[in-house]
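Asker: I am sharing run-v7.csv, which consists of CSV, C-alpha atoms:
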chain,number,residue,atom,x,y,z
A,210,MET,CA,-102.9,96.8,-191.8
A,211,LEU,CA,-101.7,100.4,-191.8
A,212,HIS,CA,-103.3,100.8,-195.3
A,213,LEU,CA,-106.6,99.4,-194.0
A,214,ILE,CA,-106.6,101.8,-191.0
A,215,LEU,CA,-105.8,104.9,-193.2
A,216,PHE,CA,-108.4,103.8,-195.8
A,217,SER,CA,-111.1,103.4,-193.1
A,218,VAL,CA,-110.3,106.8,-191.5
A,219,PHE,CA,-110.4,108.8,-194.7
A,220,GLY,CA,-113.3,106.7,-196.0
A,221,ILE,CA,-115.3,107.5,-192.9
A,222,ILE,CA,-114.5,111.2,-193.1
A,223,CYS,CA,-115.5,111.1,-196.8
A,224,VAL,CA,-118.9,109.5,-196.2
A,225,ALA,CA,-119.5,111.7,-193.1
A,226,GLY,CA,-118.9,114.8,-195.3
A,227,ALA,CA,-121.2,113.5,-198.0
A,228,VAL,CA,-124.0,112.8,-195.6
A,229,ASN,CA,-123.5,116.2,-194.0
A,230,LEU,CA,-123.9,117.7,-197.4
A,231,LEU,CA,-127.3,116.2,-197.6
A,232,ALA,CA,-128.3,117.1,-194.0
A,233,GLN,CA,-127.4,120.7,-194.0
A,234,ARG,CA,-130.0,123.3,-195.0
A,235,HIS,CA,-127.7,126.2,-195.8
A,236,PRO,CA,-125.8,125.9,-199.1
A,237,ILE,CA,-122.6,127.3,-197.6
A,238,ASN,CA,-122.5,124.5,-195.1
A,239,SER,CA,-123.0,122.0,-197.9
A,240,ALA,CA,-120.2,123.6,-199.9
A,241,LEU,CA,-117.8,123.3,-197.0
A,242,SER,CA,-118.6,119.6,-196.4
A,243,LEU,CA,-118.0,119.0,-200.1
A,244,VAL,CA,-114.5,120.5,-199.5
A,245,VAL,CA,-114.0,117.9,-196.7
A,246,VAL,CA,-115.1,115.1,-199.1
A,247,MET,CA,-112.7,116.2,-201.8
A,248,GLY,CA,-109.8,116.6,-199.3
A,249,SER,CA,-110.2,113.1,-197.9
A,250,LEU,CA,-110.6,111.7,-201.5
A,251,ALA,CA,-107.2,113.3,-202.3
A,252,ALA,CA,-105.8,111.3,-199.4
A,253,GLU,CA,-107.4,108.1,-200.8
A,254,TYR,CA,-105.8,108.8,-204.1
A,255,LEU,CA,-102.4,109.2,-202.4
A,256,LEU,CA,-102.9,105.8,-200.7
A,257,LEU,CA,-103.4,104.3,-204.1
A,258,GLY,CA,-100.2,106.0,-205.3
A,259,ALA,CA,-101.9,108.5,-207.7
A,260,GLU,CA,-99.8,111.5,-206.7
A,261,PHE,CA,-100.7,113.6,-209.7
A,262,VAL,CA,-104.4,113.0,-209.4
A,263,ALA,CA,-104.3,113.8,-205.7
A,264,ALA,CA,-102.5,117.1,-206.4
A,265,ILE,CA,-105.0,118.2,-209.1
A,266,GLN,CA,-107.9,117.0,-206.9
A,267,VAL,CA,-106.8,119.5,-204.2
A,268,ILE,CA,-105.9,122.3,-206.6
A,269,VAL,CA,-108.7,122.1,-209.2
A,270,TYR,CA,-111.6,120.6,-207.2
A,271,ALA,CA,-111.1,121.6,-203.6
A,272,GLY,CA,-109.5,124.9,-204.7
A,273,ALA,CA,-110.8,126.3,-208.0
A,274,VAL,CA,-114.2,124.7,-208.4
A,275,MET,CA,-115.3,125.1,-204.8
A,276,VAL,CA,-114.1,128.7,-204.7
A,277,LEU,CA,-116.4,129.3,-207.6
A,278,PHE,CA,-119.3,127.6,-205.8
A,279,VAL,CA,-118.7,129.7,-202.6
A,280,PHE,CA,-118.4,132.8,-204.7
A,281,VAL,CA,-121.7,132.2,-206.4
A,282,ILE,CA,-123.4,131.4,-203.0
A,283,MET,CA,-122.1,134.7,-201.6
A,284,LEU,CA,-123.0,136.6,-204.8
A,285,LEU,CA,-126.6,135.5,-204.8
A,286,ASN,CA,-126.9,135.7,-201.1
A,287,ALA,CA,-128.4,132.3,-200.9
A,288,GLY,CA,-130.3,131.6,-197.7
A,289,GLU,CA,-131.6,128.4,-196.2
A,290,GLU,CA,-133.5,126.3,-198.6
A,291,GLU,CA,-137.3,126.0,-198.3
A,292,ARG,CA,-138.6,122.5,-197.6
A,293,THR,CA,-141.5,121.3,-199.8
A,294,GLU,CA,-143.7,118.4,-199.2
A,295,GLY,CA,-142.4,115.3,-200.8
A,296,SER,CA,-144.7,112.4,-201.7
A,297,ARG,CA,-145.4,109.9,-199.0
A,298,VAL,CA,-145.1,107.0,-201.5
A,299,ALA,CA,-141.6,107.9,-202.4
A,300,LEU,CA,-140.6,107.8,-198.7
A,301,LEU,CA,-142.4,104.5,-198.1
A,302,PHE,CA,-140.9,102.6,-201.0
A,303,GLY,CA,-137.9,104.7,-202.0
A,304,ILE,CA,-135.8,104.5,-198.9
A,305,PRO,CA,-136.2,100.7,-198.3
A,306,GLY,CA,-135.7,100.1,-202.0
A,307,MET,CA,-132.5,102.2,-202.0
A,308,VAL,CA,-131.2,100.4,-198.9
A,309,VAL,CA,-131.9,96.9,-200.4
A,310,GLY,CA,-130.5,97.9,-203.8
A,311,SER,CA,-127.3,99.3,-202.4
A,312,LEU,CA,-126.7,96.4,-200.0
A,313,LEU,CA,-127.2,94.0,-202.9
A,314,ILE,CA,-124.7,95.9,-205.0
A,315,ALA,CA,-122.2,96.0,-202.2
A,316,TRP,CA,-122.6,92.3,-201.5
A,317,VAL,CA,-122.1,91.4,-205.2
A,318,LEU,CA,-119.0,93.7,-205.3
A,319,ILE,CA,-117.4,92.2,-202.2
A,320,THR,CA,-118.1,88.5,-202.8
A,321,HIS,CA,-117.7,88.3,-206.5
A,322,SER,CA,-114.6,90.5,-207.2
A,323,GLY,CA,-112.3,87.7,-206.1
A,324,ASN,CA,-109.4,88.2,-203.8
A,325,VAL,CA,-108.0,91.2,-205.6
A,326,THR,CA,-106.2,93.5,-203.2
A,327,VAL,CA,-104.6,96.8,-203.7
A,328,ALA,CA,-101.3,97.5,-202.0
A,329,ILE,CA,-100.4,100.9,-200.6
A,330,GLY,CA,-99.0,103.1,-203.4
A,331,ALA,CA,-100.0,100.3,-205.8
A,332,LEU,CA,-99.5,102.2,-209.0
A,333,PRO,CA,-97.3,105.3,-208.8
A,334,GLY,CA,-98.6,108.0,-211.1
A,335,PRO,CA,-95.8,110.6,-211.2
A,336,PRO,CA,-96.5,113.8,-213.2
A,337,LYS,CA,-93.8,112.8,-215.7
A,338,THR,CA,-95.4,109.6,-216.8
A,339,ILE,CA,-98.9,111.1,-216.8
A,340,GLY,CA,-97.6,114.0,-219.0
A,341,TRP,CA,-96.0,111.5,-221.4
A,342,LEU,CA,-99.2,109.6,-221.7
A,343,LEU,CA,-101.2,112.8,-222.1
A,344,PHE,CA,-99.1,114.2,-224.9
A,345,HIS,CA,-98.5,110.9,-226.8
A,346,ASP,CA,-101.3,108.4,-226.4
A,347,TYR,CA,-104.0,110.9,-225.5
A,348,LEU,CA,-103.0,113.9,-227.5
A,349,LEU,CA,-106.2,114.2,-229.5
A,350,PRO,CA,-108.6,114.0,-226.5
A,351,PHE,CA,-106.3,116.5,-224.8
A,352,GLU,CA,-106.7,119.0,-227.6
A,353,VAL,CA,-110.4,118.4,-227.8
A,354,THR,CA,-110.7,119.2,-224.1
A,355,SER,CA,-108.9,122.5,-224.7
A,356,VAL,CA,-111.6,123.4,-227.3
A,357,LEU,CA,-114.2,122.3,-224.7
A,358,VAL,CA,-112.7,124.6,-222.1
A,359,LEU,CA,-112.6,127.5,-224.6
A,360,ILE,CA,-116.3,127.0,-225.4
A,361,ALA,CA,-117.1,126.8,-221.7
A,362,ILE,CA,-115.4,130.1,-221.0
A,363,MET,CA,-117.3,131.8,-223.8
A,364,GLY,CA,-120.6,130.2,-222.7
A,365,ALA,CA,-120.0,131.3,-219.1
A,366,VAL,CA,-119.2,134.9,-220.2
A,367,VAL,CA,-122.3,135.1,-222.5
A,368,LEU,CA,-124.7,133.6,-219.9
A,369,ALA,CA,-123.5,135.6,-216.9
A,370,SER,CA,-123.3,138.9,-218.7
A,371,ARG,CA,-126.2,141.3,-218.1
A,372,PRO,CA,-128.9,141.3,-220.7
A,373,GLU,CA,-128.7,145.1,-221.1
A,374,SER,CA,-125.0,145.0,-222.1
A,375,THR,CA,-125.7,142.4,-224.8
A,376,GLN,CA,-128.6,144.5,-226.1
A,377,ARG,CA,-126.4,147.5,-226.3
A,378,LYS,CA,-123.8,145.5,-228.3
A,379,LYS,CA,-126.5,144.6,-230.8
A,380,GLU,CA,-127.6,148.2,-231.2
A,381,GLY,CA,-124.1,149.7,-231.4
B,255,MET,CA,-103.6,95.5,-198.4
B,256,VAL,CA,-107.1,96.6,-199.0
B,257,PRO,CA,-109.5,94.6,-201.2
B,258,LEU,CA,-110.3,96.5,-204.4
B,259,SER,CA,-114.0,96.1,-203.6
B,260,TYR,CA,-113.8,98.4,-200.6
B,261,TYR,CA,-112.7,101.2,-202.9
B,262,LEU,CA,-115.5,100.4,-205.3
B,263,VAL,CA,-118.1,100.4,-202.4
B,264,LEU,CA,-116.8,103.7,-201.2
B,265,GLY,CA,-117.1,105.2,-204.7
B,266,GLY,CA,-120.6,103.7,-204.9
B,267,ILE,CA,-121.6,105.2,-201.5
B,268,LEU,CA,-120.4,108.7,-202.7
B,269,PHE,CA,-122.4,108.2,-206.0
B,270,ALA,CA,-125.5,107.2,-204.1
B,271,CYS,CA,-125.2,110.2,-201.8
B,272,GLY,CA,-124.9,112.4,-204.9
B,273,VAL,CA,-128.0,110.8,-206.5
B,274,THR,CA,-130.0,111.2,-203.2
B,275,GLY,CA,-129.0,114.9,-202.9
B,276,PHE,CA,-129.9,115.5,-206.5
B,277,LEU,CA,-133.4,114.1,-205.8
B,278,ILE,CA,-134.2,115.5,-202.3
B,279,LYS,CA,-132.5,118.9,-202.3
B,280,ARG,CA,-134.4,122.0,-203.4
B,281,ASN,CA,-131.7,124.5,-203.7
B,282,ILE,CA,-130.3,124.6,-207.2
B,283,ILE,CA,-126.7,125.2,-206.0
B,284,THR,CA,-126.8,122.2,-203.7
B,285,ILE,CA,-128.2,120.1,-206.5
B,286,PHE,CA,-125.2,121.2,-208.5
B,287,MET,CA,-122.9,120.2,-205.7
B,288,SER,CA,-124.5,116.7,-205.6
B,289,ILE,CA,-123.5,116.3,-209.3
B,290,GLU,CA,-119.9,117.1,-208.3
B,291,LEU,CA,-120.2,114.5,-205.6
B,292,MET,CA,-121.3,111.9,-208.1
B,293,LEU,CA,-118.3,112.7,-210.4
B,294,ASN,CA,-116.0,112.3,-207.4
B,295,GLY,CA,-117.3,108.8,-206.7
B,296,VAL,CA,-116.7,107.8,-210.3
B,297,ASN,CA,-113.2,109.2,-210.2
B,298,LEU,CA,-112.4,107.1,-207.1
B,299,SER,CA,-113.5,103.9,-209.0
B,300,PHE,CA,-111.3,105.0,-212.0
B,301,VAL,CA,-108.2,105.3,-209.8
B,302,ALA,CA,-108.9,102.0,-208.0
B,303,PHE,CA,-109.3,100.1,-211.3
B,304,ALA,CA,-106.1,101.8,-212.6
B,305,ALA,CA,-104.2,100.5,-209.6
B,306,GLN,CA,-105.7,97.0,-210.1
B,307,TRP,CA,-104.9,96.7,-213.8
B,308,LYS,CA,-101.6,98.6,-213.5
B,309,ALA,CA,-102.7,100.9,-216.3
B,310,LEU,CA,-102.0,104.6,-215.9
B,311,SER,CA,-104.7,105.4,-218.5
B,312,GLY,CA,-107.2,105.3,-215.7
B,313,GLN,CA,-105.5,108.3,-214.1
B,314,VAL,CA,-105.4,110.2,-217.4
B,315,PHE,CA,-109.2,109.7,-217.7
B,316,VAL,CA,-109.6,111.1,-214.2
B,317,PHE,CA,-107.8,114.2,-215.5
B,318,PHE,CA,-110.3,114.4,-218.4
B,319,VAL,CA,-113.2,114.0,-216.0
B,320,MET,CA,-111.9,116.8,-213.9
B,321,VAL,CA,-111.5,119.1,-216.9
B,322,VAL,CA,-115.1,118.4,-218.0
B,323,ALA,CA,-116.3,118.9,-214.4
B,324,ALA,CA,-114.6,122.3,-214.2
B,325,ALA,CA,-116.1,123.4,-217.5
B,326,GLU,CA,-119.5,122.2,-216.4
B,327,ALA,CA,-119.2,124.1,-213.1
B,328,ALA,CA,-118.3,127.3,-214.9
B,329,VAL,CA,-121.2,127.1,-217.3
B,330,GLY,CA,-123.7,125.7,-214.7
B,331,LEU,CA,-123.0,128.5,-212.2
B,332,ALA,CA,-123.4,131.1,-215.0
B,333,ILE,CA,-126.8,129.5,-215.8
B,334,ILE,CA,-127.7,129.7,-212.1
B,335,ILE,CA,-126.8,133.4,-212.0
B,336,ALA,CA,-128.9,134.0,-215.2
B,337,VAL,CA,-131.9,132.1,-213.6
B,338,TYR,CA,-131.6,134.0,-210.4
B,339,ARG,CA,-131.5,137.3,-212.3
B,340,THR,CA,-134.8,136.6,-214.1
B,341,ARG,CA,-136.7,134.8,-211.3
B,342,GLU,CA,-135.2,136.0,-208.0
B,343,THR,CA,-135.3,132.5,-206.5
B,344,LEU,CA,-133.0,129.5,-206.2
B,345,ASN,CA,-135.7,127.0,-205.4
B,346,VAL,CA,-136.1,124.6,-208.3
B,347,ASP,CA,-139.8,124.1,-207.5
B,348,ARG,CA,-140.4,127.7,-208.4
B,349,VAL,CA,-138.5,127.4,-211.7
B,350,ASN,CA,-141.3,125.6,-213.4
B,351,LEU,CA,-142.0,127.6,-216.5
B,352,LEU,CA,-139.9,127.9,-219.7
B,353,LYS,CA,-141.5,131.2,-220.4
B,354,LEU,CA,-141.3,134.2,-218.0
Would you write the structure of this file as structure tokens?
Answerer:
Amino acid sequence: MLHLILFSVFGIICVAGAVNLLAQRHPINSALSLVVVMGSLAAEYLLLGAEFVAAIQVIVYAGAVMVLFVFVIMLLNAGEEERTEGSRVALLFGIPGMVVGSLLIAWVLITHSGNVTVAIGALPGPPKTIGWLLFHDYLLPFEVTSVLVLIAIMGAVVLASRPESTQRKKEG
Amino acid sequence: MVPLSYYLVLGGILFACGVTGFLIKRNIITIFMSIELMLNGVNLSFVAFAAQWKALSGQVFVFFVMVVAAAEAAVGLAIIIAVYRTRETLNVDRVNLLKL
């Protein structure tokens, strides 16, 4: 019962944050509601027992990635977004279609997934076990992601550097 | 005890919100945030399935998804800065030419 109450509370906060992200016009408001979504998702992970995932959700997502977003919004001085006229047909068919489709999927998920329930803290994921898996079973993917991060760093530096400075490098 | 399907539905709602934001938003930064929202919905399903199958691999995959999302955020925001520098706008409707 306690699990259901906690799940519902954080789930409602999560969905409210996601809807607020769509409703807000100013990007900084959207960014802050995304932080709310990520924080409540971390609580959901804790309810499932995934301690390590909850911790890196807060540190990496709600911390690092969102700081990067807010930083770019501030840097570019982004104002309120301009609304453009959407097509009438998309509104007429898109929204009912989306509602029907999502209700159908939810119905299938709820009725056909059997009586599988998840207990509170169902699968403890302590950092020790995760680390053991990461450096034994998933060593190759782990090393590949390190190469990916290296490429991402170089790409970000090259893309964000000013064109003049790259030109000067070519001449010099 | 919470049915597994509740977690999956919550993940699906987050994913749907992300898709909707991707389609209706006009600010390129907000569109990017919608992509992060979609990734978060997928992560929740990963952790829920890991709990159901008693397999920690699901949580390791969430770790990998987060690494890719962080790399994507760094590169994507750098691209946004480059676009803003050449076009002075963040509205995707105005970014409609490959050539300047």
Asker: Using all atoms listed in the file, find which residues of chain B lie within 8 Å of chain A and jot them down as number ranges by chain.
Answerer: B: 255-260, 262-264, 267-268, 271-272, 274-275, 279-281, 283-284, 287, 291, 294, 298, 301-302, 304-306, 308, 310-311, 313-314, 316-318, 320-322, 324-329, 331-333, 335-336, 338, 344-345
Asker: To one decimal place in Å, what is the distance between CA of Ile289 (chain B) and CA of Val349 (chain B)?
Answerer: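 These atoms are spaced 18.8 Å apart.
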Asker: How many Å separate CA of Met292 (chain B) from CA of Phe276 (chain B)?
Answerer: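 One can read the CA of Met292 (chain B) to CA of Phe276 (chain B) distance as 9.5 Å.
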Asker: How far is it from CA of Ile222 (chain A) to CA of Gly330 (chain B), in Å with one decimal?
Answerer: 27.6 Å
Asker: Skipping near chain neighbours, those fewer than 3 positions away, what residues fall within 9 Å of Leu354 (chain B) using all atoms listed in the file, listed as a count of residues only?
Answerer: 3
Asker: Could region 211-246 of chain A be completed with N, CA and C atoms and returned as a PDB file, in the frame of the given file?
Answerer:
ATOM      1  N   LEU A 211    -101.779  98.969-191.858  1.00  0.00           N
ATOM      2  CA  LEU A 211    -101.700 100.400-191.800  1.00  0.00           C
ATOM      3  C   LEU A 211    -102.600 100.999-192.958  1.00  0.00           C
ATOM      4  N   HIS A 212    -102.496 100.337-194.134  1.00  0.00           N
ATOM      5  CA  HIS A 212    -103.300 100.800-195.300  1.00  0.00           C
ATOM      6  C   HIS A 212    -104.772 100.734-194.980  1.00  0.00           C
ATOM      7  N   LEU A 213    -105.190  99.616-194.343  1.00  0.00           N
ATOM      8  CA  LEU A 213    -106.600  99.400-194.000  1.00  0.00           C
ATOM      9  C   LEU A 213    -107.084 100.517-193.048  1.00  0.00           C
ATOM     10  N   ILE A 214    -106.224 100.815-192.049  1.00  0.00           N
ATOM     11  CA  ILE A 214    -106.600 101.800-191.000  1.00  0.00           C
ATOM     12  C   ILE A 214    -106.748 103.187-191.724  1.00  0.00           C
ATOM     13  N   LEU A 215    -105.739 103.550-192.538  1.00  0.00           N
ATOM     14  CA  LEU A 215    -105.800 104.900-193.200  1.00  0.00           C
ATOM     15  C   LEU A 215    -106.996 104.935-194.137  1.00  0.00           C
ATOM     16  N   PHE A 216    -107.217 103.830-194.893  1.00  0.00           N
ATOM     17  CA  PHE A 216    -108.400 103.800-195.800  1.00  0.00           C
ATOM     18  C   PHE A 216    -109.665 104.026-195.042  1.00  0.00           C
ATOM     19  N   SER A 217    -109.809 103.318-193.896  1.00  0.00           N
ATOM     20  CA  SER A 217    -111.100 103.400-193.100  1.00  0.00           C
ATOM     21  C   SER A 217    -111.243 104.836-192.596  1.00  0.00           C
ATOM     22  N   VAL A 218    -110.161 105.414-192.053  1.00  0.00           N
ATOM     23  CA  VAL A 218    -110.300 106.800-191.500  1.00  0.00           C
ATOM     24  C   VAL A 218    -110.731 107.752-192.509  1.00  0.00           C
ATOM     25  N   PHE A 219    -110.017 107.786-193.645  1.00  0.00           N
ATOM     26  CA  PHE A 219    -110.400 108.800-194.700  1.00  0.00           C
ATOM     27  C   PHE A 219    -111.720 108.435-195.322  1.00  0.00           C
ATOM     28  N   GLY A 220    -112.014 107.133-195.435  1.00  0.00           N
ATOM     29  CA  GLY A 220    -113.300 106.700-196.000  1.00  0.00           C
ATOM     30  C   GLY A 220    -114.454 107.212-195.118  1.00  0.00           C
ATOM     31  N   ILE A 221    -114.277 107.078-193.789  1.00  0.00           N
ATOM     32  CA  ILE A 221    -115.300 107.500-192.900  1.00  0.00           C
ATOM     33  C   ILE A 221    -115.513 109.020-192.941  1.00  0.00           C
ATOM     34  N   ILE A 222    -114.388 109.750-192.972  1.00  0.00           N
ATOM     35  CA  ILE A 222    -114.500 111.200-193.100  1.00  0.00           C
ATOM     36  C   ILE A 222    -115.225 111.587-194.364  1.00  0.00           C
ATOM     37  N   CYS A 223    -114.884 110.866-195.440  1.00  0.00           N
ATOM     38  CA  CYS A 223    -115.500 111.100-196.800  1.00  0.00           C
ATOM     39  C   CYS A 223    -116.991 110.935-196.724  1.00  0.00           C
ATOM     40  N   VAL A 224    -117.430 109.781-196.199  1.00  0.00           N
ATOM     41  CA  VAL A 224    -118.900 109.500-196.200  1.00  0.00           C
ATOM     42  C   VAL A 224    -119.573 110.457-195.222  1.00  0.00           C
ATOM     43  N   ALA A 225    -118.916 110.790-194.081  1.00  0.00           N
ATOM     44  CA  ALA A 225    -119.500 111.700-193.100  1.00  0.00           C
ATOM     45  C   ALA A 225    -119.737 113.084-193.821  1.00  0.00           C
ATOM     46  N   GLY A 226    -118.745 113.528-194.598  1.00  0.00           N
ATOM     47  CA  GLY A 226    -118.900 114.800-195.300  1.00  0.00           C
ATOM     48  C   GLY A 226    -120.031 114.732-196.317  1.00  0.00           C
ATOM     49  N   ALA A 227    -120.144 113.593-197.035  1.00  0.00           N
ATOM     50  CA  ALA A 227    -121.200 113.500-198.000  1.00  0.00           C
ATOM     51  C   ALA A 227    -122.579 113.480-197.394  1.00  0.00           C
ATOM     52  N   VAL A 228    -122.708 112.787-196.238  1.00  0.00           N
ATOM     53  CA  VAL A 228    -124.000 112.800-195.600  1.00  0.00           C
ATOM     54  C   VAL A 228    -124.326 114.154-195.000  1.00  0.00           C
ATOM     55  N   ASN A 229    -123.288 114.841-194.496  1.00  0.00           N
ATOM     56  CA  ASN A 229    -123.500 116.200-194.000  1.00  0.00           C
ATOM     57  C   ASN A 229    -123.949 117.138-195.075  1.00  0.00           C
ATOM     58  N   LEU A 230    -123.438 116.917-196.291  1.00  0.00           N
ATOM     59  CA  LEU A 230    -123.900 117.700-197.400  1.00  0.00           C
ATOM     60  C   LEU A 230    -125.377 117.630-197.616  1.00  0.00           C
ATOM     61  N   LEU A 231    -125.895 116.401-197.440  1.00  0.00           N
ATOM     62  CA  LEU A 231    -127.300 116.200-197.600  1.00  0.00           C
ATOM     63  C   LEU A 231    -128.117 116.771-196.453  1.00  0.00           C
ATOM     64  N   ALA A 232    -127.525 116.697-195.241  1.00  0.00           N
ATOM     65  CA  ALA A 232    -128.300 117.100-194.000  1.00  0.00           C
ATOM     66  C   ALA A 232    -128.381 118.571-193.852  1.00  0.00           C
ATOM     67  N   GLN A 233    -127.368 119.308-194.311  1.00  0.00           N
ATOM     68  CA  GLN A 233    -127.400 120.700-194.000  1.00  0.00           C
ATOM     69  C   GLN A 233    -128.387 121.480-194.888  1.00  0.00           C
ATOM     70  N   ARG A 234    -128.974 122.525-194.298  1.00  0.00           N
ATOM     71  CA  ARG A 234    -130.000 123.300-195.000  1.00  0.00           C
ATOM     72  C   ARG A 234    -129.349 124.457-195.783  1.00  0.00           C
ATOM     73  N   HIS A 235    -128.308 125.038-195.199  1.00  0.00           N
ATOM     74  CA  HIS A 235    -127.700 126.200-195.800  1.00  0.00           C
ATOM     75  C   HIS A 235    -126.684 125.808-196.847  1.00  0.00           C
ATOM     76  N   PRO A 236    -126.715 126.366-198.060  1.00  0.00           N
ATOM     77  CA  PRO A 236    -125.800 125.900-199.100  1.00  0.00           C
ATOM     78  C   PRO A 236    -124.315 126.116-198.754  1.00  0.00           C
ATOM     79  N   ILE A 237    -123.988 127.135-197.935  1.00  0.00           N
ATOM     80  CA  ILE A 237    -122.600 127.300-197.600  1.00  0.00           C
ATOM     81  C   ILE A 237    -122.036 126.188-196.772  1.00  0.00           C
ATOM     82  N   ASN A 238    -122.886 125.647-195.879  1.00  0.00           N
ATOM     83  CA  ASN A 238    -122.500 124.500-195.100  1.00  0.00           C
ATOM     84  C   ASN A 238    -122.254 123.276-195.966  1.00  0.00           C
ATOM     85  N   SER A 239    -123.156 123.110-196.960  1.00  0.00           N
ATOM     86  CA  SER A 239    -123.000 122.000-197.900  1.00  0.00           C
ATOM     87  C   SER A 239    -121.711 122.130-198.676  1.00  0.00           C
ATOM     88  N   ALA A 240    -121.390 123.364-199.094  1.00  0.00           N
ATOM     89  CA  ALA A 240    -120.200 123.600-199.900  1.00  0.00           C
ATOM     90  C   ALA A 240    -118.944 123.215-199.061  1.00  0.00           C
ATOM     91  N   LEU A 241    -118.933 123.599-197.773  1.00  0.00           N
ATOM     92  CA  LEU A 241    -117.800 123.300-197.000  1.00  0.00           C
ATOM     93  C   LEU A 241    -117.642 121.801-196.694  1.00  0.00           C
ATOM     94  N   SER A 242    -118.781 121.091-196.545  1.00  0.00           N
ATOM     95  CA  SER A 242    -118.600 119.600-196.400  1.00  0.00           C
ATOM     96  C   SER A 242    -118.183 118.970-197.656  1.00  0.00           C
ATOM     97  N   LEU A 243    -118.520 119.585-198.805  1.00  0.00           N
ATOM     98  CA  LEU A 243    -118.000 119.000-200.100  1.00  0.00           C
ATOM     99  C   LEU A 243    -116.485 119.198-200.134  1.00  0.00           C
ATOM    100  N   VAL A 244    -115.966 120.295-199.582  1.00  0.00           N
ATOM    101  CA  VAL A 244    -114.500 120.500-199.500  1.00  0.00           C
ATOM    102  C   VAL A 244    -113.866 119.357-198.691  1.00  0.00           C
ATOM    103  N   VAL A 245    -114.530 119.005-197.574  1.00  0.00           N
ATOM    104  CA  VAL A 245    -114.000 117.900-196.700  1.00  0.00           C
ATOM    105  C   VAL A 245    -113.984 116.611-197.520  1.00  0.00           C
ATOM    106  N   VAL A 246    -115.069 116.335-198.262  1.00  0.00           N
ATOM    107  CA  VAL A 246    -115.100 115.100-199.100  1.00  0.00           C
ATOM    108  C   VAL A 246    -113.969 115.080-200.060  1.00  0.00           C
TER     109      VAL A 246
END
